[in-house]
Structures are given as C-alpha cells and as structure tokens.
file target22.tsv (TSV, C-alpha atoms)
chain	number	residue	atom	x	y	z
A	1	MET	CA	0.00	0.00	0.00
A	2	LYS	CA	1.28	3.45	-0.87
A	3	LYS	CA	2.42	5.51	2.11
A	4	ARG	CA	0.32	8.51	3.06
A	5	ARG	CA	2.39	11.62	2.67
A	6	PRO	CA	2.57	13.94	5.68
A	7	GLU	CA	0.82	17.27	5.41
A	8	ILE	CA	3.29	20.09	4.89
A	9	VAL	CA	2.67	23.34	6.72
A	10	LEU	CA	4.73	26.51	6.26
A	11	PHE	CA	4.81	29.29	8.82
A	12	THR	CA	5.79	32.37	6.84
A	13	GLY	CA	5.98	36.04	7.72
A	14	PHE	CA	8.50	38.79	8.23
A	15	LEU	CA	11.00	38.94	11.09
A	16	GLY	CA	9.38	39.10	14.49
A	17	SER	CA	5.85	38.41	13.30
A	18	GLY	CA	5.38	35.42	15.64
A	19	LYS	CA	6.26	32.42	13.47
A	20	THR	CA	8.19	30.53	16.14
A	21	THR	CA	5.50	31.14	18.73
A	22	MET	CA	2.83	29.86	16.34
A	23	LEU	CA	4.98	26.86	15.43
A	24	LEU	CA	5.41	25.99	19.11
A	25	LYS	CA	1.70	26.31	19.83
A	26	THR	CA	0.94	24.15	16.81
A	27	ILE	CA	3.38	21.46	17.92
A	28	GLU	CA	1.83	21.42	21.40
A	29	MET	CA	-1.66	21.14	19.95
A	30	LEU	CA	-0.70	18.34	17.54
A	31	ALA	CA	1.23	16.48	20.25
A	32	ASP	CA	-1.88	16.57	22.44
A	33	LYS	CA	-3.70	14.82	19.61
A	34	GLU	CA	-0.87	12.28	19.32
A	35	LYS	CA	0.15	13.45	15.86
A	36	LYS	CA	3.74	12.96	14.77
A	37	CYS	CA	5.50	16.03	13.46
A	38	ALA	CA	8.85	16.81	11.92
A	39	ILE	CA	10.14	20.32	12.50
A	40	ILE	CA	12.38	22.16	10.04
A	41	ILE	CA	13.78	25.55	10.97
A	42	ASN	CA	15.85	27.96	8.94
A	43	GLU	CA	17.45	30.87	10.71
A	44	ILE	CA	19.76	33.54	9.43
A	45	GLY	CA	22.96	34.20	11.28
A	46	ASP	CA	25.76	32.23	12.81
A	47	VAL	CA	23.89	31.25	15.93
A	48	GLY	CA	20.37	29.91	16.04
A	49	ILE	CA	18.02	30.94	18.82
A	50	ASP	CA	14.83	29.16	17.75
A	51	ASN	CA	16.50	25.79	17.26
A	52	ARG	CA	18.12	26.03	20.71
A	53	GLN	CA	14.77	26.94	22.22
A	54	MET	CA	13.08	23.97	20.52
A	55	ARG	CA	15.73	21.55	21.73
A	56	LYS	CA	15.57	22.87	25.26
A	57	LEU	CA	11.84	22.22	25.12
A	58	GLY	CA	12.63	18.62	24.15
A	59	TYR	CA	11.98	18.74	20.42
A	60	ASP	CA	14.30	17.37	17.79
A	61	VAL	CA	14.78	19.87	15.00
A	62	LEU	CA	16.25	19.69	11.53
A	63	ASP	CA	18.23	22.86	10.95
A	64	LEU	CA	18.75	24.54	7.64
A	65	PHE	CA	21.54	26.62	8.97
A	66	GLY	CA	23.86	29.32	7.81
A	67	GLY	CA	21.82	31.30	5.33
A	68	CYS	CA	18.40	32.17	4.11
A	69	VAL	CA	16.56	29.19	2.68
A	70	CYS	CA	15.25	31.08	-0.32
A	71	CYS	CA	18.69	32.22	-1.38
A	72	THR	CA	21.25	29.57	-0.57
A	73	LEU	CA	19.63	26.51	0.93
A	74	LYS	CA	17.01	25.38	-1.57
A	75	VAL	CA	18.79	22.13	-2.33
A	76	THR	CA	19.18	21.37	1.35
A	77	LEU	CA	15.49	21.97	1.93
A	78	GLU	CA	14.59	19.52	-0.81
A	79	ALA	CA	17.03	16.94	0.54
A	80	THR	CA	15.69	17.43	4.06
A	81	ILE	CA	12.09	16.87	3.00
A	82	ASN	CA	13.04	13.83	0.92
A	83	HIS	CA	14.97	12.47	3.88
A	84	LEU	CA	11.90	12.80	6.09
A	85	LEU	CA	9.63	11.21	3.49
A	86	ASN	CA	11.99	8.28	2.97
A	87	GLU	CA	13.05	7.61	6.55
A	88	TYR	CA	9.95	8.25	8.64
A	89	ASP	CA	6.90	6.12	7.83
A	90	ASN	CA	4.49	7.47	10.36
A	91	LEU	CA	4.82	11.23	10.08
A	92	ASP	CA	1.57	13.18	10.09
A	93	TYR	CA	2.98	16.65	9.53
A	94	ILE	CA	6.10	18.41	8.34
A	95	LEU	CA	6.16	21.83	9.96
A	96	PHE	CA	8.57	24.27	8.39
A	97	GLU	CA	9.52	27.72	9.62
A	98	PRO	CA	11.60	29.56	7.03
A	99	SER	CA	13.63	32.60	7.95
A	100	GLY	CA	11.66	35.81	8.35
A	101	MET	CA	13.54	37.18	5.38
A	102	ALA	CA	12.69	34.34	3.02
A	103	ASP	CA	10.64	34.93	-0.08
A	104	PRO	CA	8.07	32.11	0.16
A	105	SER	CA	7.77	31.79	-3.62
A	106	ALA	CA	11.40	30.68	-3.73
A	107	LEU	CA	10.66	27.77	-1.38
A	108	TYR	CA	7.96	26.16	-3.45
A	109	PRO	CA	10.13	24.49	-6.13
A	110	ALA	CA	12.07	22.61	-3.43
A	111	ILE	CA	8.78	21.33	-2.00
A	112	THR	CA	7.10	20.49	-5.30
A	113	ASN	CA	10.25	18.62	-6.36
A	114	CYS	CA	9.50	16.31	-3.43
A	115	GLY	CA	6.15	15.37	-4.96
A	116	TYR	CA	3.82	17.89	-3.34
A	117	ARG	CA	1.49	19.91	-5.55
A	118	GLU	CA	1.40	23.63	-4.87
A	119	ASN	CA	-2.14	23.44	-3.53
A	120	GLU	CA	-1.02	20.80	-1.01
A	121	ILE	CA	1.36	23.25	0.66
A	122	HIS	CA	-0.43	24.81	3.61
A	123	ASN	CA	1.15	28.21	3.87
A	124	VAL	CA	0.17	30.13	7.00
A	125	PHE	CA	1.18	33.77	6.64
A	126	ILE	CA	1.65	35.49	9.99
A	127	PHE	CA	1.13	39.22	9.85
A	128	ASP	CA	2.23	41.68	12.52
A	129	PRO	CA	-0.27	44.57	12.35
A	130	LEU	CA	2.22	46.81	14.15
A	131	ARG	CA	4.24	46.73	10.96
A	132	VAL	CA	1.61	47.63	8.39
A	133	ASP	CA	3.64	50.68	7.32
A	134	LEU	CA	6.70	48.56	6.67
A	135	TYR	CA	4.67	46.16	4.52
A	136	GLN	CA	3.07	49.01	2.61
A	137	VAL	CA	6.32	50.78	1.80
A	138	HIS	CA	9.44	48.62	1.96
A	139	LEU	CA	8.09	45.10	1.80
A	140	ASN	CA	5.18	45.56	-0.54
A	141	GLN	CA	6.30	43.00	-3.12
A	142	LEU	CA	7.16	40.44	-0.44
A	143	PHE	CA	3.78	41.06	1.16
A	144	ARG	CA	1.93	40.52	-2.13
A	145	ASP	CA	3.89	37.38	-2.99
A	146	SER	CA	3.44	35.97	0.50
A	147	LEU	CA	-0.27	36.65	0.57
A	148	ASN	CA	-0.91	35.20	-2.85
A	149	LEU	CA	0.68	31.93	-1.78
A	150	SER	CA	-0.92	31.74	1.63
A	151	LYS	CA	-3.86	29.51	2.54
A	152	ILE	CA	-4.68	31.60	5.57
A	153	VAL	CA	-3.48	34.83	7.16
A	154	VAL	CA	-2.97	35.00	10.89
A	155	ILE	CA	-3.13	38.55	12.15
A	156	ASN	CA	-1.13	38.33	15.37
A	157	LYS	CA	-0.56	40.70	18.29
A	158	ILE	CA	-4.19	41.80	18.42
A	159	ASP	CA	-3.62	42.43	22.12
A	160	GLU	CA	-0.78	44.90	21.42
A	161	ALA	CA	-1.86	46.61	18.22
A	162	PRO	CA	-4.53	49.33	18.28
A	163	PRO	CA	-7.82	48.09	16.74
A	164	GLU	CA	-7.46	50.44	13.75
A	165	MET	CA	-4.12	48.85	12.86
A	166	VAL	CA	-5.61	45.36	13.13
A	167	LEU	CA	-8.43	46.46	10.86
A	168	GLN	CA	-5.97	48.04	8.42
A	169	ALA	CA	-3.95	44.81	8.35
A	170	ARG	CA	-7.07	42.82	7.56
A	171	GLU	CA	-8.09	45.22	4.82
A	172	MET	CA	-4.61	45.09	3.28
A	173	ALA	CA	-4.77	41.31	3.17
A	174	GLU	CA	-8.29	41.24	1.75
A	175	ASN	CA	-7.48	43.87	-0.89
A	176	ILE	CA	-4.60	41.84	-2.23
A	177	LYS	CA	-6.26	38.46	-1.94
A	178	PRO	CA	-10.04	38.88	-1.84
A	179	GLY	CA	-11.73	36.18	0.17
A	180	VAL	CA	-8.58	35.11	2.02
A	181	LYS	CA	-9.34	33.70	5.45
A	182	CYS	CA	-7.95	36.00	8.15
A	183	LEU	CA	-7.69	34.63	11.67
A	184	MET	CA	-7.19	37.12	14.47
A	185	MET	CA	-4.91	35.82	17.20
A	186	ASN	CA	-2.80	36.74	20.15
A	187	LEU	CA	-0.25	33.99	19.79
A	188	ASN	CA	0.95	34.48	23.34
A	189	GLU	CA	-2.35	32.90	24.28
A	190	GLU	CA	-3.81	29.72	22.81
A	191	LEU	CA	-4.34	29.00	19.12
A	192	ILE	CA	-7.91	29.70	18.15
A	193	PRO	CA	-9.98	26.50	17.70
A	194	GLU	CA	-10.76	27.33	14.06
A	195	PHE	CA	-7.09	26.99	13.12
A	196	SER	CA	-6.72	23.72	15.03
A	197	ARG	CA	-9.81	22.33	13.31
A	198	MET	CA	-8.49	23.28	9.87
A	199	LEU	CA	-5.14	21.70	10.55
A	200	ILE	CA	-6.52	18.46	11.93
A	201	SER	CA	-9.28	18.06	9.37
A	202	GLY	CA	-7.09	19.07	6.43
A	203	ARG	CA	-9.91	21.30	5.20
A	204	TRP	CA	-8.24	24.64	4.64
B	1	MET	CA	16.69	43.75	-1.89
B	2	TYR	CA	15.58	43.61	1.76
B	3	GLN	CA	17.40	40.34	2.40
B	4	LYS	CA	20.72	42.07	1.88
B	5	GLU	CA	19.85	45.14	3.94
B	6	PHE	CA	19.50	43.33	7.24
B	7	ILE	CA	22.87	42.35	8.68
B	8	PRO	CA	22.85	39.23	10.86
B	9	VAL	CA	24.93	39.63	13.99
B	10	ALA	CA	25.28	37.05	16.75
B	11	PHE	CA	27.01	37.31	20.10
B	12	LYS	CA	27.61	34.95	22.96
B	13	VAL	CA	27.34	36.94	26.15
B	14	ASN	CA	28.26	35.96	29.69
B	15	PHE	CA	26.79	37.65	32.76
B	16	LYS	CA	28.23	37.21	36.23
B	17	SER	CA	26.80	38.62	39.40
B	18	GLY	CA	28.37	38.90	42.84
B	19	LYS	CA	25.38	37.00	44.25
B	20	ASN	CA	22.64	34.61	43.22
B	21	LEU	CA	19.81	36.39	41.44
B	22	THR	CA	16.30	35.11	40.85
B	23	VAL	CA	15.00	34.36	37.37
B	24	GLU	CA	12.74	37.41	37.63
B	25	LYS	CA	15.73	39.62	38.36
B	26	TRP	CA	17.70	38.24	35.39
B	27	GLN	CA	14.62	38.67	33.21
B	28	GLU	CA	14.32	42.29	34.31
B	29	LEU	CA	18.02	43.08	33.90
B	30	ILE	CA	18.42	41.49	30.49
B	31	GLY	CA	15.10	42.90	29.32
B	32	LYS	CA	16.36	46.36	30.29
B	33	LEU	CA	19.65	45.73	28.49
B	34	LEU	CA	17.90	44.69	25.28
B	35	LYS	CA	15.53	47.64	25.47
B	36	ASN	CA	18.51	50.01	25.82
B	37	TYR	CA	20.26	48.21	22.97
B	38	ALA	CA	17.20	48.57	20.71
B	39	GLN	CA	16.88	52.23	21.64
B	40	SER	CA	20.56	52.89	20.91
B	41	ILE	CA	20.16	51.26	17.50
B	42	SER	CA	17.06	53.27	16.71
B	43	GLU	CA	18.76	56.58	17.52
B	44	ASN	CA	20.32	56.29	14.09
B	45	LYS	CA	17.55	56.90	11.55
B	46	ASP	CA	19.32	54.67	9.00
B	47	CYS	CA	19.12	51.67	11.29
B	48	PHE	CA	15.96	49.64	11.28
B	49	ILE	CA	15.38	46.70	13.59
B	50	GLY	CA	14.22	43.54	11.85
B	51	HIS	CA	14.36	41.36	14.94
B	52	ILE	CA	16.51	41.06	18.04
B	53	LYS	CA	16.26	37.67	19.74
B	54	ALA	CA	18.10	36.30	22.72
B	55	LEU	CA	18.14	33.08	24.68
B	56	ALA	CA	19.49	33.27	28.24
B	57	GLU	CA	20.37	29.92	29.80
B	58	ILE	CA	19.53	29.71	33.49
B	59	ALA	CA	20.27	25.98	33.64
B	60	ASP	CA	20.41	23.08	31.16
B	61	ASP	CA	16.65	22.96	30.83
B	62	SER	CA	15.70	26.43	32.01
B	63	PHE	CA	15.89	29.49	29.83
B	64	ILE	CA	14.46	32.91	29.14
B	65	LYS	CA	13.66	33.82	25.54
B	66	PHE	CA	13.66	37.51	24.63
B	67	SER	CA	12.28	39.10	21.50
B	68	CYS	CA	12.27	42.70	20.36
B	69	VAL	CA	11.15	44.22	17.06
B	70	ASN	CA	10.73	47.83	18.03
B	71	ALA	CA	12.58	50.18	20.35
B	72	LEU	CA	9.33	51.78	21.43
B	73	ALA	CA	7.61	48.57	22.47
B	74	GLU	CA	8.40	46.42	25.46
B	75	VAL	CA	10.85	43.56	25.05
B	76	ASN	CA	8.84	40.34	25.12
B	77	SER	CA	10.27	37.66	27.33
B	78	GLU	CA	9.17	34.23	28.41
B	79	PHE	CA	10.69	31.87	30.96
B	80	HIS	CA	10.62	28.09	30.61
B	81	GLY	CA	11.84	25.67	33.23
B	82	GLU	CA	12.32	25.55	36.95
B	83	CYS	CA	12.71	28.76	38.92
B	84	GLN	CA	16.05	29.01	40.65
B	85	SER	CA	18.62	31.60	41.63
B	86	VAL	CA	21.96	31.66	39.82
B	87	ASP	CA	24.97	33.95	39.76
B	88	GLU	CA	25.94	33.33	36.13
B	89	VAL	CA	23.98	33.32	32.89
B	90	ASN	CA	25.12	32.58	29.34
B	91	MET	CA	23.15	34.14	26.56
B	92	VAL	CA	23.08	34.15	22.78
B	93	ILE	CA	21.89	37.29	21.01
B	94	ASN	CA	20.93	37.17	17.37
B	95	SER	CA	20.04	40.48	15.76
B	96	LEU	CA	19.02	41.46	12.26
B	97	VAL	CA	19.29	45.20	11.84
B	98	THR	CA	19.95	47.39	8.81
B	99	ASN	CA	23.22	49.33	8.63
B	100	THR	CA	24.54	47.85	11.85
B	101	ASP	CA	27.49	45.52	11.58
B	102	SER	CA	29.05	43.38	14.26
B	103	LEU	CA	31.50	46.00	15.48
B	104	LYS	CA	28.84	48.66	15.82
B	105	SER	CA	26.44	46.21	17.49
B	106	ARG	CA	29.07	45.26	20.04
B	107	LYS	CA	29.70	48.92	20.85
B	108	LEU	CA	25.99	49.61	21.21
B	109	LEU	CA	25.48	46.55	23.37
B	110	ASN	CA	28.29	47.63	25.70
B	111	GLN	CA	26.83	51.13	25.86
B	112	ALA	CA	23.40	49.71	26.56
B	113	PHE	CA	24.80	47.67	29.43
B	114	THR	CA	26.26	50.73	31.13
B	115	LEU	CA	22.77	52.24	31.09
B	116	THR	CA	21.11	49.32	32.84
B	117	GLY	CA	22.19	50.56	36.27
B	118	ASN	CA	22.71	47.28	38.06
B	119	GLN	CA	25.06	48.50	40.80
B	120	GLU	CA	23.05	46.71	43.46
B	121	GLU	CA	23.33	43.35	41.73
B	122	ASN	CA	26.91	44.01	40.66
B	123	VAL	CA	26.49	42.23	37.33
B	124	LEU	CA	29.34	42.12	34.84
B	125	MET	CA	28.82	41.44	31.16
B	126	TYR	CA	31.37	39.89	28.87
B	127	ILE	CA	30.79	39.63	25.13
B	128	GLU	CA	32.71	36.67	23.78
B	129	ASN	CA	34.51	36.90	20.51
B	130	GLU	CA	32.12	35.58	17.88
B	131	SER	CA	34.65	33.40	16.17
B	132	SER	CA	36.66	32.34	19.21
B	133	GLU	CA	34.78	29.12	19.76
B	134	PRO	CA	33.05	26.97	17.17
B	135	LEU	CA	29.39	26.72	18.02
B	136	LYS	CA	27.79	23.36	18.43
B	137	GLU	CA	25.10	22.63	15.89
B	138	HIS	CA	22.91	19.60	15.58
B	139	HIS	CA	23.17	16.88	12.96
B	140	HIS	CA	21.13	13.75	12.56
B	141	HIS	CA	23.99	11.41	11.99
B	142	LYS	CA	27.18	10.27	13.68
B	143	LYS	CA	30.54	11.78	12.88
B	144	ASP	CA	31.69	8.86	10.75
B	145	GLU	CA	28.41	8.45	8.87
B	146	PRO	CA	27.48	10.30	5.68
B	147	CYS	CA	24.98	13.07	6.19
B	148	PRO	CA	21.57	11.96	4.86
B	149	ILE	CA	20.53	15.55	4.37
B	150	CYS	CA	23.26	17.00	2.23
B	151	ASN	CA	25.51	14.04	1.41
B	152	GLU	CA	28.54	15.55	3.07
B	153	HIS	CA	28.16	19.05	1.78
B	154	HIS	CA	28.53	20.63	5.19
B	155	HIS	CA	31.55	21.03	7.37
B	156	HIS	CA	32.34	18.90	10.38
B	157	ASP	CA	34.48	21.35	12.25
B	158	HIS	CA	32.46	21.10	15.42
B	159	ASP	CA	31.25	18.39	17.74
B	160	LEU	CA	27.97	16.62	17.64
B	161	HIS	CA	25.68	16.73	20.58
call {"tool": "encode", "arguments": {"input": "target22.tsv", "output": "structure tokens"}}
result
Amino acid sequence: MKKRRPEIVLFTGFLGSGKTTMLLKTIEMLADKEKKCAIIINEIGDVGIDNRQMRKLGYDVLDLFGGCVCCTLKVTLEATINHLLNEYDNLDYILFEPSGMADPSALYPAITNCGYRENEIHNVFIFDPLRVDLYQVHLNQLFRDSLNLSKIVVINKIDEAPPEMVLQAREMAENIKPGVKCLMMNLNEELIPEFSRMLISGRW
Amino acid sequence: MYQKEFIPVAFKVNFKSGKNLTVEKWQELIGKLLKNYAQSISENKDCFIGHIKALAEIADDSFIKFSCVNALAEVNSEFHGECQSVDEVNMVINSLVTNTDSLKSRKLLNQAFTLTGNQEENVLMYIENESSEPLKEHHHHKKDEPCPICNEHHHHDHDLH
C-alpha cells in the first residue's frame, strides 16, 4: 500500500511576526492529539536561537543553517524533506519555519520537487499589524507574494496593536487576496480553535 | 533587496553577578539591556530593527527567551523551566538590523549595558569573541556516517551533541 504523505505546513511572515510562537503552539496542539510532526527551521545568522529553544523544550529539530533558505539553501530543503519522506513512515505533519527574510515563492520548487502539488502546501502567513507601514512601503512585493501563496493569514498581536491597525492589516490582506481567510490571534495565548480544526481536518 | 539590507549579527554573552539572582531579576536586567540596545540602534535613523532575539540559559533545561522588534515597544520575554537563583547566565543574542554591523552592534550593546544601572546586583557582562569558539550545531547522523541531508556538503568542524 502506498504511504500517506505527511501534510506540509509553512509558517511564513516577516521577522518578528510570531512564526516561532505559532509553530510551538501548533506542535503542542498536535502532540496533544498524538500526531507525529517533523520540524524544520531555517534561521539567518551564525547562531540559532529558535533551534536552541526547541531543543531545550525537548523537540528534535532539523536545521537549515547558515543562510536564508530562499537564497542559498534550496537544495538542502529539498534533501531534508526527501529524507523525512523516505526515513519516517508514520509522520503526520512536516512543519517548516523559514527565515523571516525568506521569499516564500522561492521555497515552493524545493517542496514540489519532493512530490507535493502547490495546492497541497499549507502556507500560513503570519502578519504583525504593528508593521503595516513597513509592509506598505518597503516590503510591498514580499507582502503581495506571501499573501498570494498563503492559505490563511494570521493577524497576530491583536492584544498589542490598536484596533485600527488590526483592521488596516485585515483590509490590506483582503485587498490583495479577496476572500482570504484572516484569523485574528494573540499567539501568546492559545491557538484559536478554528485553526486547530483546519489543521486536523485538512480542510483549509 | 531587503534580504541584503539586514545584517545578521550574533554574540555569545556571559553575565556574572556577585550573588545569586532570581529568574525574575535576570529577566528584568536582560530585558532592560535589550531595550537600551534597541533604543541605541534606533537613535540612528538609518538603522531599522528587523528582529533582536536572545536566549538566556539559566540551567540546562531552564531558559528565558527575549524578542524585540521595536525600540518603542516592550521587550517580550518568556521563561521556561524551573525557577532558581543563579549567579551566572550565558546568553546568545541574534540580531538582524539594517546598517549595523558586528563591530557597531558590540559597541551599542556595551553602551546599553552601562545604562542598565545594576550596581546593586553588581552584574558584569562579557561579550565573547564571535569566532573564538566553534558553536555546536545539531546533525542527525554520527561523525563517521554520511549526512543523509546534504551528502557531506557541510563542514564537520564542530562536535555533535
């Protein structure tokens, strides 16, 4: 019988948007439901913080280390995913957090080369409403590309950002991708049940 | 391109105090240091903070994670593990800031430390040379086995753990 491929979930978003926090909450939620996950992290810089944090919390992490995955580590990403697919029979999910500077569109070929279709990549775009100005001016192209690839948008930090900024963030997302599902979250608290349901059911 | 504008800088930092300090006190002190550091960076209009992250090790399985994306906002921090008092903390700082290289970051971090005002706790900070000690990274294979991920395309100049 052909093996069932694990679901692949990307946590994308600019630096400091809350990707690692969301990844951790997702791992906890999936672990509670006895799902088996592989975690891939790519950090820029000589020293990783997120991978150390994950290991101290008891998780085993595959690092894509030493550069940004969209620029220099595409081949390693593909090899890493193939390694997971070949060596681990019972994986339910591959959870991947690219660097906050990665262009998500550059990651897709490495994933599709592993046999996934584009529409099977669950790309969760995490949006920090406190940085709407940055997205509008300096990161506009990245924002558009990220949104167009995303399955859902998580607007984080709703506890910190003024309501008008949260609303502006939502409008920006909906203007670029009409009909996109926007989930409002404070990732320092729990994941909202709607996200957990989508992830578990596979109905995005 | 924005990827090239943000300069990654990482430091290993050692803090020593003349007495044991609680986790809360370390959290407060380091939080203040990172806030001052972020503010010093932001004084230069050409410097924009992408993300400043730090992991302070209280013990093998206890740590405080710090995160800062804006000099005006509070530094977020979260403690995991068992509360205890220690007189020494090792920390890794990883920052991505525009127009701020390693040398400048080090200077700003030292300046920021002098502003923390920790006379009572008598804490000393030492920034280790970035390249003085190879950092341990994690691989999923033994030293004498080929790497299943990259087929030996990475360097083995540091130990496995």
call {"tool": "residues_around", "arguments": {"input": "target22.tsv", "residues": "Ala56 of chain B", "least_positions_apart": "2", "cutoff": "8 Å", "atoms": "only C-alpha atoms", "output": "mmCIF file with C-alpha atoms, in the coordinates of the input"}}
result
data_model
loop_
_atom_site.group_PDB
_atom_site.id
_atom_site.type_symbol
_atom_site.label_atom_id
_atom_site.label_comp_id
_atom_site.auth_asym_id
_atom_site.auth_seq_id
_atom_site.Cartn_x
_atom_site.Cartn_y
_atom_site.Cartn_z
ATOM 1 C CA ALA B 54 18.100 36.300 22.720
ATOM 2 C CA ILE B 58 19.530 29.710 33.490
ATOM 3 C CA PHE B 63 15.890 29.490 29.830
ATOM 4 C CA ILE B 64 14.460 32.910 29.140
ATOM 5 C CA LYS B 65 13.660 33.820 25.540
ATOM 6 C CA VAL B 89 23.980 33.320 32.890
ATOM 7 C CA ASN B 90 25.120 32.580 29.340
ATOM 8 C CA MET B 91 23.150 34.140 26.560
ATOM 9 C CA VAL B 92 23.080 34.150 22.780
#
call {"tool": "residues_around", "arguments": {"input": "target22.tsv", "residues": "Ser62 of chain B", "least_positions_apart": "5", "cutoff": "8 Å", "atoms": "only C-alpha atoms", "output": "PyMOL selection string"}}
result
(chain A and resi 56) or (chain B and resi 57+79-83)
call {"tool": "closest_atom_pairs", "arguments": {"input": "target22.tsv", "of": "chain A", "to": "chain B", "cutoff": "8 Å", "atoms": "all atoms listed in the file", "output": "CSV"}}
result
residue,atom,partner,partner_atom,distance
A:Leu15,CA,B:His51,CA,5.7
A:Gly16,CA,B:His51,CA,5.5
A:Ile44,CA,B:Pro8,CA,6.6
A:Gly45,CA,B:Pro8,CA,5.0
A:Asp46,CA,B:Ala10,CA,6.2
A:Val47,CA,B:Ala10,CA,6.0
A:Gly48,CA,B:Asn94,CA,7.4
A:Ile49,CA,B:Leu55,CA,6.2
A:Gln53,CA,B:Leu55,CA,7.4
A:Lys56,CA,B:Asp61,CA,5.7
A:Leu57,CA,B:Asp61,CA,7.5
A:Leu62,CA,B:His139,CA,7.6
A:Asp63,CA,B:His138,CA,7.3
A:Thr76,CA,B:Cys150,CA,6.0
A:Ala79,CA,B:Ile149,CA,5.4
A:Thr80,CA,B:Ile149,CA,5.2
A:His83,CA,B:Ile149,CA,6.4
A:Met101,CA,B:Gln3,CA,5.8
A:Ala102,CA,B:Gln3,CA,7.7
A:His138,CA,B:Tyr2,CA,7.9
A:Leu139,CA,B:Tyr2,CA,7.6
call {"tool": "residues_around", "arguments": {"input": "target22.tsv", "residues": "segment 124-131 of chain A", "least_positions_apart": "2", "cutoff": "9 Å", "atoms": "all atoms listed in the file", "output": "PyMOL selection string"}}
result
chain A and resi 9-14+16-19+22+122+133-136+146-147+149-158+160-162+165-170
call {"tool": "residues_near_point", "arguments": {"input": "target22.tsv", "point": "(24.3, 35.2, 42.2)", "cutoff": "9 Å", "atoms": "only C-alpha atoms", "output": "PyMOL selection string"}}
result
chain B and resi 16-22+85-88+121+123
call {"tool": "atom_distance", "arguments": {"input": "target22.tsv", "atom1": "atom CA of Arg117 of chain A", "atom2": "atom CA of Leu77 of chain A"}}
result
16.0 Å
call {"tool": "atom_distance", "arguments": {"input": "target22.tsv", "atom1": "atom CA of Cys114 of chain A", "atom2": "atom CA of Cys37 of chain A"}}
result
17.4 Å
call {"tool": "residues_around", "arguments": {"input": "target22.tsv", "residues": "Met125 of chain B", "least_positions_apart": "5", "cutoff": "9 Å", "atoms": "only C-alpha atoms", "output": "PyMOL selection string"}}
result
chain B and resi 13-17+110+113
call {"tool": "write_last_selection", "arguments": {"input": "target22.tsv", "atoms": "C-alpha atoms", "output": "PDB file, in the coordinates of the input"}}
result
ATOM      1  CA  VAL B  13      27.340  36.940  26.150  1.00  0.00           C
ATOM      2  CA  ASN B  14      28.260  35.960  29.690  1.00  0.00           C
ATOM      3  CA  PHE B  15      26.790  37.650  32.760  1.00  0.00           C
ATOM      4  CA  LYS B  16      28.230  37.210  36.230  1.00  0.00           C
ATOM      5  CA  SER B  17      26.800  38.620  39.400  1.00  0.00           C
ATOM      6  CA  ASN B 110      28.290  47.630  25.700  1.00  0.00           C
ATOM      7  CA  PHE B 113      24.800  47.670  29.430  1.00  0.00           C
TER       8      PHE B 113
END
call {"tool": "atom_distance", "arguments": {"input": "target22.tsv", "atom1": "atom CA of Leu30 of chain A", "atom2": "atom CA of Glu174 of chain A"}}
result
28.8 Å
call {"tool": "closest_residue", "arguments": {"input": "target22.tsv", "among": "A:Pro109, A:Pro193, A:Pro6, A:Gly202", "to": "Glu78 of chain A", "atoms": "all atoms listed in the file"}}
result
A:Pro109
call {"tool": "decode", "arguments": {"input": "target22.tsv", "residues": "segment 141-152 of chain A", "atoms": "N, CA and C atoms", "output": "PDB file, in the first residue's frame"}}
result
ATOM      1  N   GLN A 141       6.249  44.133  -2.196  1.00  0.00           N
ATOM      2  CA  GLN A 141       6.295  42.998  -3.120  1.00  0.00           C
ATOM      3  C   GLN A 141       6.306  41.676  -2.347  1.00  0.00           C
ATOM      4  N   LEU A 142       7.105  41.649  -1.280  1.00  0.00           N
ATOM      5  CA  LEU A 142       7.160  40.442  -0.441  1.00  0.00           C
ATOM      6  C   LEU A 142       5.777  40.149   0.138  1.00  0.00           C
ATOM      7  N   PHE A 143       5.112  41.199   0.578  1.00  0.00           N
ATOM      8  CA  PHE A 143       3.783  41.060   1.159  1.00  0.00           C
ATOM      9  C   PHE A 143       2.804  40.470   0.142  1.00  0.00           C
ATOM     10  N   ARG A 144       2.828  41.012  -1.072  1.00  0.00           N
ATOM     11  CA  ARG A 144       1.927  40.521  -2.126  1.00  0.00           C
ATOM     12  C   ARG A 144       2.228  39.055  -2.457  1.00  0.00           C
ATOM     13  N   ASP A 145       3.510  38.762  -2.642  1.00  0.00           N
ATOM     14  CA  ASP A 145       3.893  37.385  -2.994  1.00  0.00           C
ATOM     15  C   ASP A 145       3.486  36.420  -1.880  1.00  0.00           C
ATOM     16  N   SER A 146       3.739  36.839  -0.647  1.00  0.00           N
ATOM     17  CA  SER A 146       3.435  35.975   0.501  1.00  0.00           C
ATOM     18  C   SER A 146       1.936  35.715   0.595  1.00  0.00           C
ATOM     19  N   LEU A 147       1.182  36.786   0.452  1.00  0.00           N
ATOM     20  CA  LEU A 147      -0.269  36.645   0.570  1.00  0.00           C
ATOM     21  C   LEU A 147      -0.849  35.770  -0.523  1.00  0.00           C
ATOM     22  N   ASN A 148      -0.362  35.971  -1.735  1.00  0.00           N
ATOM     23  CA  ASN A 148      -0.912  35.201  -2.846  1.00  0.00           C
ATOM     24  C   ASN A 148      -0.647  33.711  -2.708  1.00  0.00           C
ATOM     25  N   LEU A 149       0.385  33.356  -1.976  1.00  0.00           N
ATOM     26  CA  LEU A 149       0.685  31.931  -1.779  1.00  0.00           C
ATOM     27  C   LEU A 149       0.026  31.360  -0.528  1.00  0.00           C
ATOM     28  N   SER A 150      -0.464  32.233   0.322  1.00  0.00           N
ATOM     29  CA  SER A 150      -0.922  31.740   1.630  1.00  0.00           C
ATOM     30  C   SER A 150      -2.307  31.111   1.550  1.00  0.00           C
ATOM     31  N   LYS A 151      -2.519  30.110   2.415  1.00  0.00           N
ATOM     32  CA  LYS A 151      -3.860  29.510   2.544  1.00  0.00           C
ATOM     33  C   LYS A 151      -4.678  30.326   3.533  1.00  0.00           C
ATOM     34  N   ILE A 152      -3.996  30.738   4.596  1.00  0.00           N
ATOM     35  CA  ILE A 152      -4.679  31.604   5.568  1.00  0.00           C
ATOM     36  C   ILE A 152      -3.706  32.688   6.054  1.00  0.00           C
TER      37      ILE A 152
END
